[in-house]
$ cat upload_26.cif   # mmCIF, C-alpha atoms (C1' of nucleotides)
data_target
loop_
_atom_site.label_atom_id
_atom_site.label_comp_id
_atom_site.auth_asym_id
_atom_site.auth_seq_id
_atom_site.Cartn_x
_atom_site.Cartn_y
_atom_site.Cartn_z
CA MET K 148 11.28 -29.72 -3.09
CA GLU K 149 7.73 -28.74 -3.81
CA GLN K 150 8.31 -29.57 -7.44
CA ALA K 151 6.31 -32.74 -7.02
CA THR K 152 3.22 -30.56 -7.41
CA ALA K 153 4.52 -29.43 -10.78
CA ASP K 154 4.83 -32.98 -11.99
CA ARG K 155 1.43 -34.04 -10.78
CA ALA K 156 -1.74 -33.34 -12.76
CA GLN K 157 -4.09 -31.03 -10.87
CA ASP K 158 -6.65 -33.79 -10.36
CA GLY K 159 -4.01 -36.35 -9.60
CA SER K 160 -5.46 -38.69 -12.23
CA ALA K 161 -3.73 -41.40 -14.12
CA PRO K 162 -2.33 -41.27 -17.65
CA LYS K 163 0.43 -38.72 -17.62
CA GLN K 164 1.39 -36.96 -20.82
CA SER K 165 4.87 -36.06 -21.94
CA PRO K 166 6.46 -32.93 -20.50
CA HIS K 167 5.77 -31.15 -23.76
CA GLY K 168 2.17 -32.24 -23.69
CA GLU K 169 1.90 -30.95 -20.15
CA ALA K 170 3.40 -27.66 -21.21
CA TRP K 171 0.82 -27.38 -23.98
CA GLY K 172 -2.00 -28.11 -21.56
CA ALA K 173 -0.75 -25.47 -19.20
CA LEU K 174 -0.47 -23.03 -22.07
CA THR K 175 -4.04 -23.51 -23.24
CA ARG K 176 -5.51 -23.35 -19.77
CA THR K 177 -3.53 -20.29 -18.81
CA HIS K 178 -4.38 -18.56 -22.05
CA ALA K 179 -8.07 -19.30 -21.63
CA ALA K 180 -8.08 -18.20 -18.01
CA ILE K 181 -6.49 -14.85 -18.78
CA ILE K 182 -8.72 -14.27 -21.80
CA GLN K 183 -11.72 -14.93 -19.60
CA ARG K 184 -10.45 -12.53 -16.99
CA LEU K 185 -9.83 -9.79 -19.51
CA GLN K 186 -13.21 -10.23 -21.15
CA GLU K 187 -14.96 -9.99 -17.81
CA MET K 188 -13.11 -6.82 -16.95
CA LEU K 189 -13.79 -5.23 -20.32
CA SER K 190 -17.49 -5.97 -20.33
CA ALA K 191 -17.80 -4.81 -16.72
CA ALA K 192 -16.18 -1.51 -17.71
CA ASP K 193 -18.44 -1.19 -20.78
CA PHE K 194 -15.52 -1.51 -23.13
CA PRO K 195 -15.57 -3.27 -26.51
CA PRO K 196 -14.53 -6.93 -26.61
CA LEU K 197 -10.94 -8.07 -26.54
CA PRO K 198 -10.48 -8.62 -30.29
CA TRP K 199 -11.24 -4.94 -30.85
CA TYR K 200 -8.54 -3.97 -28.41
CA GLU K 201 -6.05 -6.24 -30.09
CA VAL K 202 -6.79 -4.71 -33.46
CA LEU K 203 -6.44 -1.17 -32.17
CA ALA K 204 -3.27 -1.96 -30.25
CA THR K 205 -1.66 -3.72 -33.19
CA VAL K 206 -2.52 -0.97 -35.65
CA SER K 207 -1.34 1.72 -33.25
CA GLU K 208 2.11 0.15 -33.09
CA ALA K 209 2.54 0.21 -36.85
CA PRO K 210 4.19 3.13 -38.66
CA ASP K 211 1.67 5.92 -39.35
CA GLU K 212 -0.84 3.97 -37.29
CA ARG K 213 -1.94 1.98 -40.30
CA LEU K 214 -1.43 -1.60 -41.36
CA LYS K 215 -2.08 -3.68 -44.44
CA MET K 216 -5.02 -6.01 -43.96
CA GLY K 217 -2.93 -9.05 -44.68
CA ASP K 218 -0.22 -8.10 -42.22
CA LEU K 219 -2.83 -7.35 -39.59
CA ALA K 220 -4.46 -10.73 -40.09
CA GLU K 221 -1.10 -12.41 -39.76
CA ALA K 222 -0.21 -10.47 -36.62
CA LEU K 223 -3.53 -11.40 -34.99
CA VAL K 224 -3.29 -14.95 -36.29
CA ILE K 225 -6.79 -14.93 -37.75
CA THR K 226 -7.99 -15.54 -41.30
CA ARG K 227 -8.20 -12.73 -43.86
CA GLY K 228 -11.93 -13.24 -44.25
CA GLY K 229 -12.46 -12.97 -40.55
CA LEU K 230 -10.41 -9.81 -40.38
CA THR K 231 -12.42 -8.15 -43.14
CA LYS K 232 -15.58 -8.47 -41.09
CA LEU K 233 -13.88 -7.56 -37.85
CA VAL K 234 -12.52 -4.37 -39.40
CA ASP K 235 -15.97 -3.70 -40.88
CA ARG K 236 -17.34 -3.50 -37.36
CA LEU K 237 -14.57 -1.23 -36.16
CA VAL K 238 -15.06 1.05 -39.16
CA LYS K 239 -18.79 1.19 -38.49
CA ALA K 240 -17.96 2.15 -34.91
CA GLY K 241 -15.75 4.95 -36.18
CA LEU K 242 -12.57 3.55 -34.64
CA LEU K 243 -10.85 2.62 -37.89
CA GLU K 244 -10.98 3.72 -41.49
CA ARG K 245 -9.86 2.06 -44.67
CA THR K 246 -7.22 3.84 -46.68
CA PHE K 247 -5.78 2.73 -49.98
CA CYS K 248 -2.40 2.34 -51.50
CA GLU K 249 -1.46 4.51 -54.48
CA THR K 250 1.09 2.17 -55.95
CA ASP K 251 -0.87 -1.06 -55.54
CA ARG K 252 -4.59 -0.74 -55.77
CA ARG K 253 -5.18 -4.22 -54.37
CA VAL K 254 -4.00 -3.42 -50.89
CA SER K 255 -6.05 -1.57 -48.31
CA TYR K 256 -4.87 -0.33 -44.97
CA ALA K 257 -6.67 -0.35 -41.65
CA THR K 258 -5.97 3.10 -40.27
CA LEU K 259 -6.57 4.40 -36.78
CA THR K 260 -9.04 7.29 -36.44
CA PRO K 261 -8.78 9.86 -33.65
CA ALA K 262 -11.71 8.14 -31.95
CA GLY K 263 -9.87 4.84 -32.20
CA ARG K 264 -6.74 6.36 -30.74
CA ASP K 265 -8.75 7.85 -27.87
CA LEU K 266 -10.53 4.62 -27.08
CA LEU K 267 -7.26 2.73 -27.12
CA ALA K 268 -5.78 5.27 -24.71
CA GLU K 269 -8.69 4.58 -22.38
CA MET K 270 -8.55 0.81 -22.68
CA ARG K 271 -4.84 0.25 -22.55
CA PRO K 272 -4.30 1.11 -18.89
CA ALA K 273 -7.17 -1.15 -17.89
CA VAL K 274 -5.81 -4.06 -19.89
CA ILE K 275 -2.25 -3.48 -18.70
CA ALA K 276 -3.42 -3.36 -15.10
CA GLU K 277 -5.33 -6.58 -15.47
CA LEU K 278 -2.31 -8.29 -16.96
CA GLU K 279 -0.09 -6.95 -14.24
CA VAL K 280 -2.16 -8.51 -11.49
CA ALA K 281 -2.30 -11.78 -13.40
CA PHE K 282 1.41 -11.90 -14.15
CA SER K 283 3.32 -9.89 -11.63
CA ALA K 284 1.69 -11.64 -8.68
CA ASN K 285 3.77 -14.73 -9.26
CA LEU K 286 6.32 -13.61 -11.82
CA SER K 287 9.35 -11.42 -11.57
CA VAL K 288 10.30 -9.19 -14.46
CA ALA K 289 13.19 -11.48 -15.28
CA GLN K 290 10.88 -14.49 -15.29
CA ALA K 291 8.47 -12.65 -17.56
CA LYS K 292 11.24 -11.91 -20.04
CA ASP K 293 12.34 -15.49 -19.91
CA LEU K 294 8.79 -16.67 -20.45
CA ARG K 295 8.44 -14.40 -23.45
CA GLN K 296 11.65 -15.68 -24.94
CA THR K 297 10.70 -19.30 -24.39
CA LEU K 298 7.27 -18.82 -25.94
CA ASP K 299 8.66 -16.99 -28.93
CA SER K 300 11.12 -19.74 -29.63
CA VAL K 301 8.31 -22.27 -29.52
CA ARG K 302 6.25 -20.12 -31.84
CA SER K 303 9.06 -19.79 -34.32
CA SER K 304 9.39 -23.54 -34.62
CA ALA K 305 5.61 -23.94 -34.78
CA CYS K 306 5.31 -21.41 -37.60
CA GLY K 307 8.38 -22.26 -39.62
CA SER K 308 7.12 -25.84 -39.77
CA MET D 189 24.39 -10.63 -25.74
CA GLU D 190 21.83 -12.03 -28.08
CA GLN D 191 19.16 -11.15 -25.58
CA ALA D 192 18.58 -7.88 -27.39
CA THR D 193 16.41 -9.87 -29.77
CA ALA D 194 14.26 -10.90 -26.86
CA ASP D 195 13.71 -7.29 -25.85
CA ARG D 196 12.92 -6.06 -29.32
CA ALA D 197 9.48 -6.44 -30.85
CA GLN D 198 9.51 -8.70 -33.88
CA ASP D 199 8.72 -5.85 -36.23
CA GLY D 200 11.16 -3.56 -34.50
CA SER D 201 8.44 -0.95 -34.09
CA ALA D 202 8.19 1.72 -31.48
CA PRO D 203 6.06 1.74 -28.31
CA LYS D 204 7.32 -1.01 -26.06
CA GLN D 205 5.00 -2.63 -23.56
CA SER D 206 5.89 -3.80 -20.11
CA PRO D 207 7.68 -7.14 -19.76
CA HIS D 208 4.43 -8.65 -18.57
CA GLY D 209 2.58 -7.22 -21.54
CA GLU D 210 5.22 -8.66 -23.82
CA ALA D 211 4.87 -12.03 -22.16
CA TRP D 212 1.13 -11.90 -22.74
CA GLY D 213 1.61 -11.03 -26.39
CA ALA D 214 4.01 -13.92 -26.84
CA LEU D 215 1.55 -16.21 -25.10
CA THR D 216 -1.38 -15.31 -27.36
CA ARG D 217 0.66 -15.52 -30.55
CA THR D 218 2.25 -18.81 -29.60
CA HIS D 219 -1.07 -20.26 -28.57
CA ALA D 220 -2.71 -19.20 -31.81
CA ALA D 221 0.16 -20.47 -33.91
CA ILE D 222 0.10 -23.90 -32.34
CA ILE D 223 -3.69 -24.12 -32.53
CA GLN D 224 -3.49 -23.28 -36.19
CA ARG D 225 -0.85 -25.92 -36.75
CA LEU D 226 -2.85 -28.58 -34.95
CA GLN D 227 -6.06 -27.74 -36.80
CA GLU D 228 -4.27 -27.96 -40.12
CA MET D 229 -2.83 -31.33 -39.27
CA LEU D 230 -6.16 -32.70 -38.01
CA SER D 231 -8.16 -31.60 -41.02
CA ALA D 232 -5.46 -32.88 -43.36
CA ALA D 233 -5.66 -36.28 -41.65
CA ASP D 234 -9.50 -36.24 -41.78
CA PHE D 235 -9.77 -36.10 -38.03
CA PRO D 236 -12.43 -34.19 -36.07
CA PRO D 237 -11.60 -30.65 -34.97
CA LEU D 238 -9.41 -29.86 -32.00
CA PRO D 239 -12.21 -29.20 -29.48
CA TRP D 240 -13.42 -32.75 -29.99
CA TYR D 241 -9.99 -34.08 -29.19
CA GLU D 242 -9.79 -31.96 -26.08
CA VAL D 243 -13.12 -33.26 -24.87
CA LEU D 244 -12.16 -36.87 -25.48
CA ALA D 245 -8.74 -36.45 -23.93
CA THR D 246 -10.11 -34.71 -20.86
CA VAL D 247 -12.86 -37.26 -20.30
CA SER D 248 -10.45 -40.14 -20.82
CA GLU D 249 -8.26 -38.90 -18.00
CA ALA D 250 -11.11 -38.83 -15.51
CA PRO D 251 -11.95 -41.81 -13.28
CA ASP D 252 -14.16 -44.33 -15.11
CA GLU D 253 -13.69 -42.26 -18.25
CA ARG D 254 -16.60 -40.03 -17.35
CA LEU D 255 -16.86 -36.47 -16.15
CA LYS D 256 -19.59 -34.20 -14.83
CA MET D 257 -20.65 -31.66 -17.41
CA GLY D 258 -19.82 -28.79 -15.11
CA ASP D 259 -16.34 -30.08 -14.33
CA LEU D 260 -15.70 -30.71 -17.99
CA ALA D 261 -16.74 -27.18 -18.90
CA GLU D 262 -14.44 -25.82 -16.24
CA ALA D 263 -11.52 -27.98 -17.37
CA LEU D 264 -11.96 -26.83 -20.98
CA VAL D 265 -12.60 -23.24 -19.87
CA ILE D 266 -15.77 -22.90 -21.92
CA THR D 267 -19.33 -22.07 -20.89
CA ARG D 268 -21.80 -24.72 -19.79
CA GLY D 269 -24.14 -23.84 -22.62
CA GLY D 270 -21.40 -24.23 -25.15
CA LEU D 271 -20.39 -27.56 -23.70
CA THR D 272 -23.93 -28.94 -23.87
CA LYS D 273 -23.99 -28.43 -27.62
CA LEU D 274 -20.45 -29.61 -28.11
CA VAL D 275 -21.23 -32.82 -26.25
CA ASP D 276 -24.44 -33.13 -28.28
CA ARG D 277 -22.33 -33.34 -31.41
CA LEU D 278 -20.00 -35.91 -29.92
CA VAL D 279 -22.94 -37.99 -28.76
CA LYS D 280 -24.49 -37.81 -32.20
CA ALA D 281 -21.15 -39.01 -33.60
CA GLY D 282 -21.21 -41.94 -31.19
CA LEU D 283 -18.04 -40.91 -29.39
CA LEU D 284 -19.67 -40.00 -26.09
CA GLU D 285 -22.79 -40.90 -24.20
CA ARG D 286 -24.63 -39.20 -21.42
CA THR D 287 -24.96 -41.09 -18.20
CA PHE D 288 -26.77 -39.97 -15.09
CA CYS D 289 -26.11 -39.83 -11.42
CA GLU D 290 -28.19 -41.97 -9.09
CA THR D 291 -27.79 -39.81 -6.04
CA ASP D 292 -28.29 -36.42 -7.72
CA ARG D 293 -30.58 -36.38 -10.67
CA ARG D 294 -29.45 -32.94 -11.74
CA VAL D 295 -26.00 -33.99 -12.79
CA SER D 296 -25.18 -35.76 -16.02
CA TYR D 297 -21.89 -37.26 -17.01
CA ALA D 298 -20.16 -37.24 -20.36
CA THR D 299 -18.94 -40.81 -20.74
CA LEU D 300 -16.53 -42.20 -23.29
CA THR D 301 -17.91 -44.87 -25.64
CA PRO D 302 -15.69 -47.57 -27.14
CA ALA D 303 -15.75 -45.66 -30.43
CA GLY D 304 -14.64 -42.54 -28.59
CA ARG D 305 -11.83 -44.41 -26.92
CA ASP D 306 -10.72 -45.84 -30.26
CA LEU D 307 -10.77 -42.50 -32.01
CA LEU D 308 -8.82 -40.92 -29.20
CA ALA D 309 -6.23 -43.68 -29.47
CA GLU D 310 -5.88 -42.83 -33.13
CA MET D 311 -5.71 -39.10 -32.67
CA ARG D 312 -3.48 -38.89 -29.65
CA PRO D 313 -0.23 -39.97 -31.31
CA ALA D 314 -0.81 -37.50 -34.13
CA VAL D 315 -1.43 -34.64 -31.72
CA ILE D 316 1.46 -35.59 -29.50
CA ALA D 317 3.78 -35.80 -32.49
CA GLU D 318 2.70 -32.39 -33.69
CA LEU D 319 3.31 -30.92 -30.26
CA GLU D 320 6.67 -32.58 -30.03
CA VAL D 321 7.95 -30.98 -33.21
CA ALA D 322 6.60 -27.62 -32.06
CA PHE D 323 8.05 -27.83 -28.56
CA SER D 324 10.99 -30.17 -28.52
CA ALA D 325 12.69 -28.44 -31.44
CA ASN D 326 13.64 -25.53 -29.25
CA LEU D 327 12.89 -26.73 -25.76
CA SER D 328 14.59 -29.23 -23.52
CA VAL D 329 12.52 -31.39 -21.24
CA ALA D 330 13.67 -29.36 -18.27
CA GLN D 331 12.66 -26.14 -20.00
CA ALA D 332 9.27 -27.63 -20.80
CA LYS D 333 8.71 -28.51 -17.16
CA ASP D 334 9.77 -25.05 -16.14
CA LEU D 335 7.45 -23.51 -18.70
CA ARG D 336 4.57 -25.58 -17.41
CA GLN D 337 5.27 -24.54 -13.85
CA THR D 338 5.51 -20.87 -14.76
CA LEU D 339 2.29 -20.95 -16.75
CA ASP D 340 0.43 -22.76 -14.00
CA SER D 341 1.51 -20.22 -11.43
CA VAL D 342 0.26 -17.44 -13.69
CA ARG D 343 -3.01 -19.25 -14.16
CA SER D 344 -3.50 -19.73 -10.46
CA SER D 345 -3.20 -16.01 -9.86
CA ALA D 346 -5.40 -15.24 -12.85
CA CYS D 347 -8.12 -17.58 -11.61
CA GLY D 348 -8.03 -16.92 -7.92
CA SER D 349 -8.30 -13.22 -8.74
"C1'" DC Y 139 -42.72 -30.05 5.78
"C1'" DA Y 140 -44.02 -26.32 2.74
"C1'" DG Y 141 -41.74 -22.37 0.27
"C1'" DA Y 142 -37.67 -20.05 -1.10
"C1'" DA Y 143 -33.03 -20.21 -2.62
"C1'" DA Y 144 -29.24 -22.48 -4.85
"C1'" DC Y 145 -27.65 -25.65 -8.14
"C1'" DA Y 146 -26.86 -28.50 -12.69
"C1'" DC Y 147 -27.88 -28.60 -16.98
"C1'" DT Y 148 -30.38 -27.34 -21.40
"C1'" DT Y 149 -32.45 -24.34 -24.93
"C1'" DG Y 150 -33.17 -20.08 -27.85
"C1'" DT Y 151 -31.10 -16.48 -30.12
"C1'" DA Y 152 -27.68 -13.40 -31.72
"C1'" DG Y 153 -22.98 -12.60 -32.91
"C1'" DA Y 154 -18.53 -14.10 -34.49
"C1'" DT Y 155 -15.23 -17.34 -37.04
"C1'" DA Y 156 -13.48 -20.28 -40.59
"C1'" DC Y 157 -13.55 -22.13 -45.21
"C1'" DA Y 158 -14.21 -21.77 -49.91
"C1'" DA Y 159 -15.52 -19.30 -53.91
"C1'" DC Y 160 -15.32 -14.79 -56.09
"C1'" DT Y 161 -13.60 -9.96 -57.90
"C1'" DA Y 162 -10.06 -6.99 -58.95
"C1'" DT Y 163 -5.24 -5.82 -59.54
"C1'" DT Y 164 -0.46 -6.93 -60.39
"C1'" DG Y 165 3.35 -9.76 -62.09
"C1'" DT Y 166 5.22 -13.22 -65.47
"C1'" DT Y 167 5.76 -15.78 -69.65
"C1'" DT Y 168 6.14 -16.31 -74.40
"C1'" DA L 98 1.12 -7.26 -75.84
"C1'" DA L 99 -2.08 -11.27 -74.73
"C1'" DA L 100 -2.70 -15.05 -71.83
"C1'" DC L 101 -1.71 -17.14 -67.59
"C1'" DA L 102 -0.66 -17.20 -62.87
"C1'" DA L 103 -0.20 -15.06 -58.39
"C1'" DT L 104 -1.71 -11.80 -54.99
"C1'" DA L 105 -4.97 -8.77 -51.86
"C1'" DG L 106 -9.07 -8.36 -50.29
"C1'" DT L 107 -14.14 -9.30 -49.93
"C1'" DT L 108 -18.47 -12.03 -49.74
"C1'" DG L 109 -21.59 -16.17 -48.89
"C1'" DT L 110 -22.54 -20.02 -46.16
"C1'" DA L 111 -22.39 -23.06 -42.47
"C1'" DT L 112 -20.71 -23.88 -37.94
"C1'" DC L 113 -19.61 -22.72 -33.56
"C1'" DT L 114 -19.75 -19.89 -29.23
"C1'" DA L 115 -21.44 -17.02 -25.69
"C1'" DC L 116 -25.12 -14.90 -23.14
"C1'" DA L 117 -29.43 -14.97 -21.01
"C1'" DA L 118 -33.62 -17.19 -19.89
"C1'" DG L 119 -35.85 -21.58 -18.81
"C1'" DT L 120 -36.59 -26.50 -16.65
"C1'" DG L 121 -36.04 -29.74 -13.28
"C1'" DT L 122 -33.68 -31.16 -8.78
"C1'" DT L 123 -31.76 -30.58 -4.35
"C1'" DT L 124 -30.84 -27.96 -0.19
"C1'" DC L 125 -31.78 -24.57 3.17
"C1'" DT L 126 -35.11 -22.14 6.47
"C1'" DG L 127 -38.77 -20.94 9.29
#
$ encode --input "upload_26.cif" --output "structure tokens"
Amino acid sequence: MEQATADRAQDGSAPKQSPHGEAWGALTRTHAAIIQRLQEMLSAADFPPLPWYEVLATVSEAPDERLKMGDLAEALVITRGGLTKLVDRLVKAGLLERTFCETDRRVSYATLTPAGRDLLAEMRPAVIAELEVAFSANLSVAQAKDLRQTLDSVRSSACGS
Amino acid sequence: MEQATADRAQDGSAPKQSPHGEAWGALTRTHAAIIQRLQEMLSAADFPPLPWYEVLATVSEAPDERLKMGDLAEALVITRGGLTKLVDRLVKAGLLERTFCETDRRVSYATLTPAGRDLLAEMRPAVIAELEVAFSANLSVAQAKDLRQTLDSVRSSACGS
DNA sequence: CAGAAACACTTGTAGATACAACTATTGTTT
DNA sequence: AAACAATAGTTGTATCTACAAGTGTTTCTG
């Protein structure tokens, strides 16, 4: 019954977009709002910025805690050039090191250092907690799984062309 | 039965996050993938970058096609300083103009020019079409509305703290 | 009705990102 | 095996963004 609010733009203004356009708008705003929230929390806790966390978390989930630069860039959905410089900063901070492949000397891996693993262990609970308050306040576990599935299906069609 | 795929990380790797964490991961990746797709399309069609479109679209939906700088920054979820320079570029390109408030000389409005309105009219169908292929391929209209509602409820709890 | 506080926006500067060109290594073709 | 093409990663440049300080305006207070 209250679904009228879902169909109405937040400012109640005129030219309505398509349902898919509305979904995209909601996606961008929600994404930005959560990013903002996380960044605030991290800087308040004197932690490194969010991209650093995402790098550490992604690498930590890979086998042997190392990941090819190209795969890492793809996982983070950033350019290879951007990743090179991002990893440079993490290496300089002692959180990552570059290791090389014996069989193919072109590839280099971003590998977690003990310091990187420790920092991640410190940051992860804080990030998880922040996400929990953002999500679990209005979302059941089942809804969260459903949301994930929906988003992934959208992503697959957006990537695959 | 197929829902196992929804519970499994795309790379099949080990340490699973919470459902909410997974939802967040899907949200960031999907957002980035769509952004990337839109940017590609816009630059291929010799259109201005996506932030320009978002400014024009947001302003066009406001009454009298003008919006206070502060409200615009909030709607786009960017800083005021960033918006000032972004609007500077749009003004220089003739797509926007700054107008001022009679009753409060502090506030300035970003106002759509005819050129801005024309460009938006050109860009909007292209953006909409791109979003349609990304969303409608795997999402019904009802699912899109549901997605929008879910995302907005998450955003409200993320904003309101 | 001063003076202080809050507000709206802009500017200055430093850091981060994308894009394109470049180096080095590997794979393919003839 | 030599030449060509494809791949992985890095670097150079230009643009964009955020953060913090600054300017001008309005509101609140004594």
$ interface_residues --input "upload_26.cif" --of "chain L" --to "chain K" --cutoff "8 Å" --atoms "all atoms listed in the file" --output "MDAnalysis selection string"
chainID L and resid 105:107
$ atom_distance --input "upload_26.cif" --atom1 "atom CA of K:Ala284" --atom2 "atom CA of D:Thr338"
11.7 Å
$ closest_residue --input "upload_26.cif" --among "Y:DA162, Y:DC147, Y:DA140, Y:DA152" --to "L:DA115" --atoms "only C-alpha atoms (C1' of nucleotides)"
Y:DA152
$ atom_distance --input "upload_26.cif" --atom1 "atom CA of K:Ala281" --atom2 "atom CA of K:Glu169"
20.8 Å
$ residues_around --input "upload_26.cif" --residues "Y:DC157" --least-positions-apart "6" --cutoff "10 Å" --atoms "all atoms listed in the file" --output "VMD selection string"
(chain K and resid 226 228) or (chain L and resid 110 to 111)
$ residues_around --input "upload_26.cif" --residues "K:Ala222" --least-positions-apart "4" --cutoff "12 Å" --atoms "only C-alpha atoms (C1' of nucleotides)" --output "JSON, numbers by chain"
{"K": [201, 202, 204, 205, 206, 208, 209, 214, 215, 216, 217, 218, 226, 227, 230], "D": [197, 198, 199, 213, 214, 216, 217, 218, 220, 221]}
$ interface_residues --input "upload_26.cif" --of "chain Y" --to "chain D" --cutoff "10 Å" --atoms "all atoms listed in the file" --output "number ranges by chain"
Y: 145-149
$ write_last_selection --input "upload_26.cif" --atoms "C-alpha atoms (C1' of nucleotides)" --output "mmCIF file, in the coordinates of the input"
data_model
loop_
_atom_site.group_PDB
_atom_site.id
_atom_site.type_symbol
_atom_site.label_atom_id
_atom_site.label_comp_id
_atom_site.auth_asym_id
_atom_site.auth_seq_id
_atom_site.Cartn_x
_atom_site.Cartn_y
_atom_site.Cartn_z
ATOM 1 C "C1'" DC Y 145 -27.650 -25.650 -8.140
ATOM 2 C "C1'" DA Y 146 -26.860 -28.500 -12.690
ATOM 3 C "C1'" DC Y 147 -27.880 -28.600 -16.980
ATOM 4 C "C1'" DT Y 148 -30.380 -27.340 -21.400
ATOM 5 C "C1'" DT Y 149 -32.450 -24.340 -24.930
#
$ interface_residues --input "upload_26.cif" --of "chain K" --to "chain D" --cutoff "8 Å" --atoms "all atoms listed in the file" --output "mmCIF file with C-alpha atoms, in the coordinates of the input"
data_model
loop_
_atom_site.group_PDB
_atom_site.id
_atom_site.type_symbol
_atom_site.label_atom_id
_atom_site.label_comp_id
_atom_site.auth_asym_id
_atom_site.auth_seq_id
_atom_site.Cartn_x
_atom_site.Cartn_y
_atom_site.Cartn_z
ATOM 1 C CA ALA K 153 4.520 -29.430 -10.780
ATOM 2 C CA ASP K 154 4.830 -32.980 -11.990
ATOM 3 C CA SER K 160 -5.460 -38.690 -12.230
ATOM 4 C CA ALA K 161 -3.730 -41.400 -14.120
ATOM 5 C CA PRO K 162 -2.330 -41.270 -17.650
ATOM 6 C CA PRO K 166 6.460 -32.930 -20.500
ATOM 7 C CA HIS K 167 5.770 -31.150 -23.760
ATOM 8 C CA GLY K 168 2.170 -32.240 -23.690
ATOM 9 C CA GLU K 169 1.900 -30.950 -20.150
ATOM 10 C CA ALA K 170 3.400 -27.660 -21.210
ATOM 11 C CA TRP K 171 0.820 -27.380 -23.980
ATOM 12 C CA ALA K 173 -0.750 -25.470 -19.200
ATOM 13 C CA LEU K 174 -0.470 -23.030 -22.070
ATOM 14 C CA THR K 175 -4.040 -23.510 -23.240
ATOM 15 C CA ARG K 176 -5.510 -23.350 -19.770
ATOM 16 C CA THR K 177 -3.530 -20.290 -18.810
ATOM 17 C CA HIS K 178 -4.380 -18.560 -22.050
ATOM 18 C CA ALA K 179 -8.070 -19.300 -21.630
ATOM 19 C CA ALA K 180 -8.080 -18.200 -18.010
ATOM 20 C CA ILE K 181 -6.490 -14.850 -18.780
ATOM 21 C CA ARG K 184 -10.450 -12.530 -16.990
ATOM 22 C CA GLU K 208 2.110 0.150 -33.090
ATOM 23 C CA ALA K 209 2.540 0.210 -36.850
ATOM 24 C CA PRO K 210 4.190 3.130 -38.660
ATOM 25 C CA ALA K 222 -0.210 -10.470 -36.620
ATOM 26 C CA LEU K 223 -3.530 -11.400 -34.990
ATOM 27 C CA VAL K 224 -3.290 -14.950 -36.290
ATOM 28 C CA ILE K 275 -2.250 -3.480 -18.700
ATOM 29 C CA LEU K 278 -2.310 -8.290 -16.960
ATOM 30 C CA GLU K 279 -0.090 -6.950 -14.240
ATOM 31 C CA VAL K 280 -2.160 -8.510 -11.490
ATOM 32 C CA ALA K 281 -2.300 -11.780 -13.400
ATOM 33 C CA PHE K 282 1.410 -11.900 -14.150
ATOM 34 C CA SER K 283 3.320 -9.890 -11.630
ATOM 35 C CA ALA K 284 1.690 -11.640 -8.680
ATOM 36 C CA ASN K 285 3.770 -14.730 -9.260
ATOM 37 C CA LEU K 286 6.320 -13.610 -11.820
ATOM 38 C CA VAL K 288 10.300 -9.190 -14.460
ATOM 39 C CA ALA K 291 8.470 -12.650 -17.560
ATOM 40 C CA LYS K 292 11.240 -11.910 -20.040
ATOM 41 C CA LEU K 294 8.790 -16.670 -20.450
ATOM 42 C CA ARG K 295 8.440 -14.400 -23.450
ATOM 43 C CA GLN K 296 11.650 -15.680 -24.940
ATOM 44 C CA THR K 297 10.700 -19.300 -24.390
ATOM 45 C CA LEU K 298 7.270 -18.820 -25.940
ATOM 46 C CA ASP K 299 8.660 -16.990 -28.930
ATOM 47 C CA SER K 300 11.120 -19.740 -29.630
ATOM 48 C CA VAL K 301 8.310 -22.270 -29.520
ATOM 49 C CA ARG K 302 6.250 -20.120 -31.840
ATOM 50 C CA SER K 304 9.390 -23.540 -34.620
ATOM 51 C CA ALA K 305 5.610 -23.940 -34.780
ATOM 52 C CA CYS K 306 5.310 -21.410 -37.600
ATOM 53 C CA SER K 308 7.120 -25.840 -39.770
#
$ atom_distance --input "upload_26.cif" --atom1 "atom CA of D:Asp252" --atom2 "atom CA of D:Pro313"
21.8 Å
$ resolve_selection --input "upload_26.cif" --expression "the PyMOL selection byres ((chain D and resi 244) around 12)" --output "ChimeraX atom specification"
/D:236-243,245-250,253-255,260,264,274-275,278-279,282-285,298-312
$ closest_residue --input "upload_26.cif" --among "L:DT108, L:DT114, L:DA102, L:DT120" --to "Y:DT151" --atoms "all atoms listed in the file"
L:DT114
$ axis_aligned_box --input "upload_26.cif" --around "stretch 339-348 of chain D" --padding-each-side "3 Å" --output "lines of an AutoDock Vina configuration file"
center_x = -2.9
center_y = -19.0
center_z = -12.3
size_x = 16.4
size_y = 13.5
size_z = 14.8
$ resolve_selection --input "upload_26.cif" --expression "the PyMOL selection byres ((chain L and resi 99) around 12)" --output "list in words"
DT166, DT167 and DT168 of chain Y; DA98, DA100 and DC101 of chain L
$ residues_near_point --input "upload_26.cif" --point "(-0.8, -36.5, -38.2)" --cutoff "6 Å" --atoms "all atoms listed in the file" --output "list in words"
Met229, Ala233 and Ala314 of chain D
$ residues_around --input "upload_26.cif" --residues "Y:DC139" --least-positions-apart "2" --cutoff "12 Å" --atoms "only C-alpha atoms (C1' of nucleotides)" --output "JSON, numbers by chain"
{"Y": [141], "L": [126, 127]}
$ write_last_selection --input "upload_26.cif" --atoms "C-alpha atoms (C1' of nucleotides)" --output "PDB file, keeping the file's coordinate frame"
ATOM      1  C1'  DG Y 141     -41.740 -22.370   0.270  1.00  0.00           C
TER       2       DG Y 141
ATOM      3  C1'  DT L 126     -35.110 -22.140   6.470  1.00  0.00           C
ATOM      4  C1'  DG L 127     -38.770 -20.940   9.290  1.00  0.00           C
TER       5       DG L 127
END
